[in-house]
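Worksheet: one structure, shown below.
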Amino acid sequence: MVDLKSGINPLFLRQDDLRQGIELLFYAYRDFTGEPDEILARSGFGRAHHRVIYFVGRHPGLSVGELLDILKITKQSLSRVLGALVEQSFVDQKPDPNDGRRRQLTLTEKGKRLENELSETQLRRIAHAYRDAGAEAVQGFREVMLGIVNEEDRRRVTTPQRGNSQRASPDTTSQKPENHDRQGD
């Protein structure tokens with residue numbers, strides 16, 4: 001494997017450097033999702049459930065159609081996953097007061113607790129990596145990740161989220177994310 005501390009000429013990225021990037025993404029994703037996978041398995045859930053819980057938690061009141069746009073999955077797949085989360089009282093869905101055909105999704109208290117438990121491990125991992133890398137590297141990481149995200153979705157991740165403006169504490173290893181009341185945002 002290539003030494004990460006060695007300088008890479010940004011004007012000429014060799015195939016080995018690009019493949020190392022792919023490999024790093026694979027390993028990072030494996031480790032980033034490992035602990036949450038174990039937590040999800042206790043409820044009989046998987047990564048699709050995690051994604052729904054995460055995005056509904058980040059965007060309270062999100063419609064089913066908007067969630068489909070974010071996840072890029074079929075209605076049938078979402079229906080199965082969302083049905084299980086609603087049935088087990090992790091997600092609540094109510095008609096949109098402005099358009100009764102649309103359903104708005106929110107996490108229940110039980111769903112918020114699960115989302116916090118899942119995110120805690122990931123927040124801790126990211127905070128540790130950010131702290132070790134430093135501000136300049138964090139900005140470079142964000143730019144690289146945005147460059148990988150499809151252009152039409154970049155706006156979603158660069159726009160501040162409602163009800164989620166909290167900053168991580170310097171030591172997230174001992175603190176849980178706060179549970180903010182997101183109504184009225």
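Just remember, in the structure tokens the first chain shown is A, the second B, etc., residues are 1-based per chain, and ligands are 1-based in the order shown.
Within 10 Å of stretch 68-82 of chain A there are Phe45, Gly46, Arg47, Ala48, His49, His50, Arg51, Val52, Ile53, Phe55, Gln88, Phe90, Val91, Asp92, Gln93, Leu105, Asp153 and Arg156 of chain A, counting only C-alpha atoms and ignoring same-chain residues fewer than 6 positions away.
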Would you mind exporting the chosen residues as a compact mmCIF listing (two decimals), in the first residue's frame, restricted to N, CA and C atoms?
# COMPACT_ATOMS: atom_id res chain seq x y z
N PHE A 45 -32.47 -5.41 11.72
CA PHE A 45 -32.37 -4.41 10.66
C PHE A 45 -31.02 -4.49 9.97
N GLY A 46 -30.94 -3.81 8.83
CA GLY A 46 -29.71 -3.75 8.07
C GLY A 46 -29.41 -2.32 7.65
N ARG A 47 -28.49 -2.18 6.71
CA ARG A 47 -28.03 -0.85 6.29
C ARG A 47 -29.12 -0.01 5.63
N ALA A 48 -30.05 -0.64 4.94
CA ALA A 48 -31.15 0.13 4.34
C ALA A 48 -31.99 0.80 5.42
N HIS A 49 -32.22 0.09 6.51
CA HIS A 49 -32.96 0.66 7.64
C HIS A 49 -32.16 1.82 8.24
N HIS A 50 -30.86 1.65 8.34
CA HIS A 50 -29.99 2.70 8.88
C HIS A 50 -30.10 3.96 8.05
N ARG A 51 -30.04 3.82 6.75
CA ARG A 51 -30.12 5.00 5.88
C ARG A 51 -31.45 5.73 6.07
N VAL A 52 -32.54 4.98 6.16
CA VAL A 52 -33.86 5.61 6.36
C VAL A 52 -33.88 6.33 7.70
N ILE A 53 -33.44 5.65 8.76
CA ILE A 53 -33.42 6.27 10.09
C ILE A 53 -32.55 7.52 10.09
N PHE A 55 -31.61 9.58 7.51
CA PHE A 55 -32.12 10.72 6.75
C PHE A 55 -33.44 11.25 7.29
N GLN A 88 -42.60 -1.26 13.84
CA GLN A 88 -41.90 -1.42 15.11
C GLN A 88 -41.73 -0.09 15.86
N PHE A 90 -40.38 2.91 15.09
CA PHE A 90 -39.18 3.72 14.98
C PHE A 90 -39.44 4.98 14.15
N VAL A 91 -40.36 4.88 13.21
CA VAL A 91 -40.70 5.99 12.32
C VAL A 91 -42.21 6.19 12.35
N ASP A 92 -42.61 7.46 12.32
CA ASP A 92 -44.02 7.81 12.25
C ASP A 92 -44.26 8.48 10.90
N GLN A 93 -45.39 8.18 10.29
CA GLN A 93 -45.74 8.85 9.04
C GLN A 93 -47.14 9.42 9.17
N LEU A 105 -42.49 12.02 7.17
CA LEU A 105 -41.84 11.05 8.03
C LEU A 105 -41.08 11.74 9.16
N ASP A 153 -26.85 16.10 -6.34
CA ASP A 153 -27.02 15.86 -4.91
C ASP A 153 -26.10 16.71 -4.04
N ARG A 156 -27.65 19.07 -1.48
CA ARG A 156 -28.22 18.45 -0.26
C ARG A 156 -27.21 18.38 0.87
* Asked: What is the distance between atom CA of A:Leu114 and atom CA of A:Ala41, in Å to one decimal?
  -> 12.0 Å
* **In stretch 21-166 of chain A, DSSP alpha helix (DSSP H) residues written as an MDAnalysis selection string** => chainID A and resid 21:41 47:58 64:71 75:87 109:133 135:148 151:158
Atoms kept (C-alpha atoms) for selection, written as a compact mmCIF listing (two decimals), in the first residue's frame:
# COMPACT_ATOMS: atom_id res chain seq x y z
CA GLY A 21 -8.46 6.00 -3.17
CA ILE A 22 -10.98 3.30 -4.10
CA GLU A 23 -9.42 0.91 -1.63
CA LEU A 24 -9.47 3.51 1.15
CA LEU A 25 -13.16 4.15 0.49
CA PHE A 26 -13.92 0.42 0.73
CA TYR A 27 -12.02 0.01 4.00
CA ALA A 28 -13.42 3.23 5.47
CA TYR A 29 -16.98 2.23 4.58
CA ARG A 30 -16.50 -1.21 6.13
CA ASP A 31 -15.19 0.23 9.37
CA PHE A 32 -17.63 3.19 9.40
CA THR A 33 -20.62 0.82 9.14
CA GLY A 34 -19.30 -2.09 11.24
CA GLU A 35 -20.42 -0.96 14.70
CA PRO A 36 -23.80 0.33 13.48
CA ASP A 37 -24.35 -3.00 11.66
CA GLU A 38 -24.00 -4.81 15.00
CA ILE A 39 -26.48 -2.44 16.66
CA LEU A 40 -28.96 -2.81 13.77
CA ALA A 41 -28.71 -6.61 13.83
CA ARG A 47 -28.03 -0.85 6.29
CA ALA A 48 -31.15 0.13 4.34
CA HIS A 49 -32.96 0.66 7.64
CA HIS A 50 -29.99 2.70 8.88
CA ARG A 51 -30.12 5.00 5.88
CA VAL A 52 -33.86 5.61 6.36
CA ILE A 53 -33.42 6.27 10.09
CA TYR A 54 -30.49 8.59 9.43
CA PHE A 55 -32.12 10.72 6.75
CA VAL A 56 -35.50 10.91 8.46
CA GLY A 57 -33.65 12.02 11.60
CA ARG A 58 -31.67 14.64 9.66
CA VAL A 64 -41.61 9.57 1.12
CA GLY A 65 -40.91 10.95 -2.37
CA GLU A 66 -38.02 13.08 -1.10
CA LEU A 67 -36.59 10.06 0.72
CA LEU A 68 -36.80 8.04 -2.50
CA ASP A 69 -34.86 10.81 -4.28
CA ILE A 70 -32.12 10.77 -1.63
CA LEU A 71 -31.77 6.99 -1.39
CA LYS A 75 -40.66 2.28 -4.05
CA GLN A 76 -40.92 -1.45 -3.40
CA SER A 77 -37.59 -1.53 -1.54
CA LEU A 78 -38.44 1.54 0.50
CA SER A 79 -41.90 0.19 1.27
CA ARG A 80 -40.45 -2.97 2.80
CA VAL A 81 -37.88 -1.11 4.91
CA LEU A 82 -40.15 1.76 5.92
CA GLY A 83 -42.98 -0.66 6.71
CA ALA A 84 -40.81 -2.50 9.22
CA LEU A 85 -39.65 0.75 10.84
CA VAL A 86 -43.22 2.06 11.13
CA GLU A 87 -44.55 -1.28 12.38
CA GLU A 109 -38.72 8.76 20.48
CA LYS A 110 -37.68 5.13 20.02
CA GLY A 111 -36.33 6.00 16.55
CA LYS A 112 -34.42 8.99 17.91
CA ARG A 113 -32.75 6.80 20.52
CA LEU A 114 -31.70 4.29 17.85
CA GLU A 115 -30.47 7.04 15.52
CA ASN A 116 -28.41 8.55 18.35
CA GLU A 117 -26.92 5.15 19.22
CA LEU A 118 -26.01 4.48 15.58
CA SER A 119 -24.61 7.96 14.95
CA GLU A 120 -22.62 8.07 18.18
CA THR A 121 -20.15 5.47 16.92
CA GLN A 122 -19.81 7.19 13.57
CA LEU A 123 -19.48 10.67 15.07
CA ARG A 124 -16.72 9.42 17.35
CA ARG A 125 -14.86 7.83 14.41
CA ILE A 126 -15.14 10.97 12.24
CA ALA A 127 -14.20 13.32 15.09
CA HIS A 128 -11.08 11.25 15.81
CA ALA A 129 -10.05 11.25 12.15
CA TYR A 130 -10.73 14.99 11.78
CA ARG A 131 -8.76 15.79 14.92
CA ASP A 132 -5.79 13.72 13.72
CA ALA A 133 -5.85 15.15 10.19
CA ALA A 135 -8.44 21.59 9.51
CA GLU A 136 -6.75 21.80 6.10
CA ALA A 137 -7.04 18.04 5.54
CA VAL A 138 -10.70 18.09 6.65
CA GLN A 139 -11.47 20.78 4.07
CA GLY A 140 -9.63 18.77 1.41
CA PHE A 141 -11.57 15.64 2.40
CA ARG A 142 -14.87 17.51 2.05
CA GLU A 143 -13.88 18.77 -1.37
CA VAL A 144 -12.90 15.26 -2.53
CA MET A 145 -16.12 13.74 -1.18
CA LEU A 146 -18.22 16.46 -2.83
CA GLY A 147 -16.38 15.76 -6.06
CA ILE A 148 -17.44 12.11 -5.81
CA GLU A 151 -23.62 17.01 -8.99
CA GLU A 152 -27.41 17.12 -8.49
CA ASP A 153 -27.02 15.86 -4.91
CA ARG A 154 -24.21 18.19 -3.82
CA ARG A 155 -26.70 20.88 -2.79
CA ARG A 156 -28.22 18.45 -0.26
CA VAL A 157 -24.95 17.98 1.60
CA THR A 158 -23.73 21.57 1.43
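When only C-alpha atoms are used to measure the gap to A:Pro60, the shortest distance among A:Thr106, A:Thr159, A:Asn98, A:Gln15 belongs to A:Thr106.
Proximity to A:Thr108 was assessed for A:Gln20, A:Ser43, A:Ser89, A:Asp96 counting only C-alpha atoms; the smallest distance is recorded for A:Ser89.
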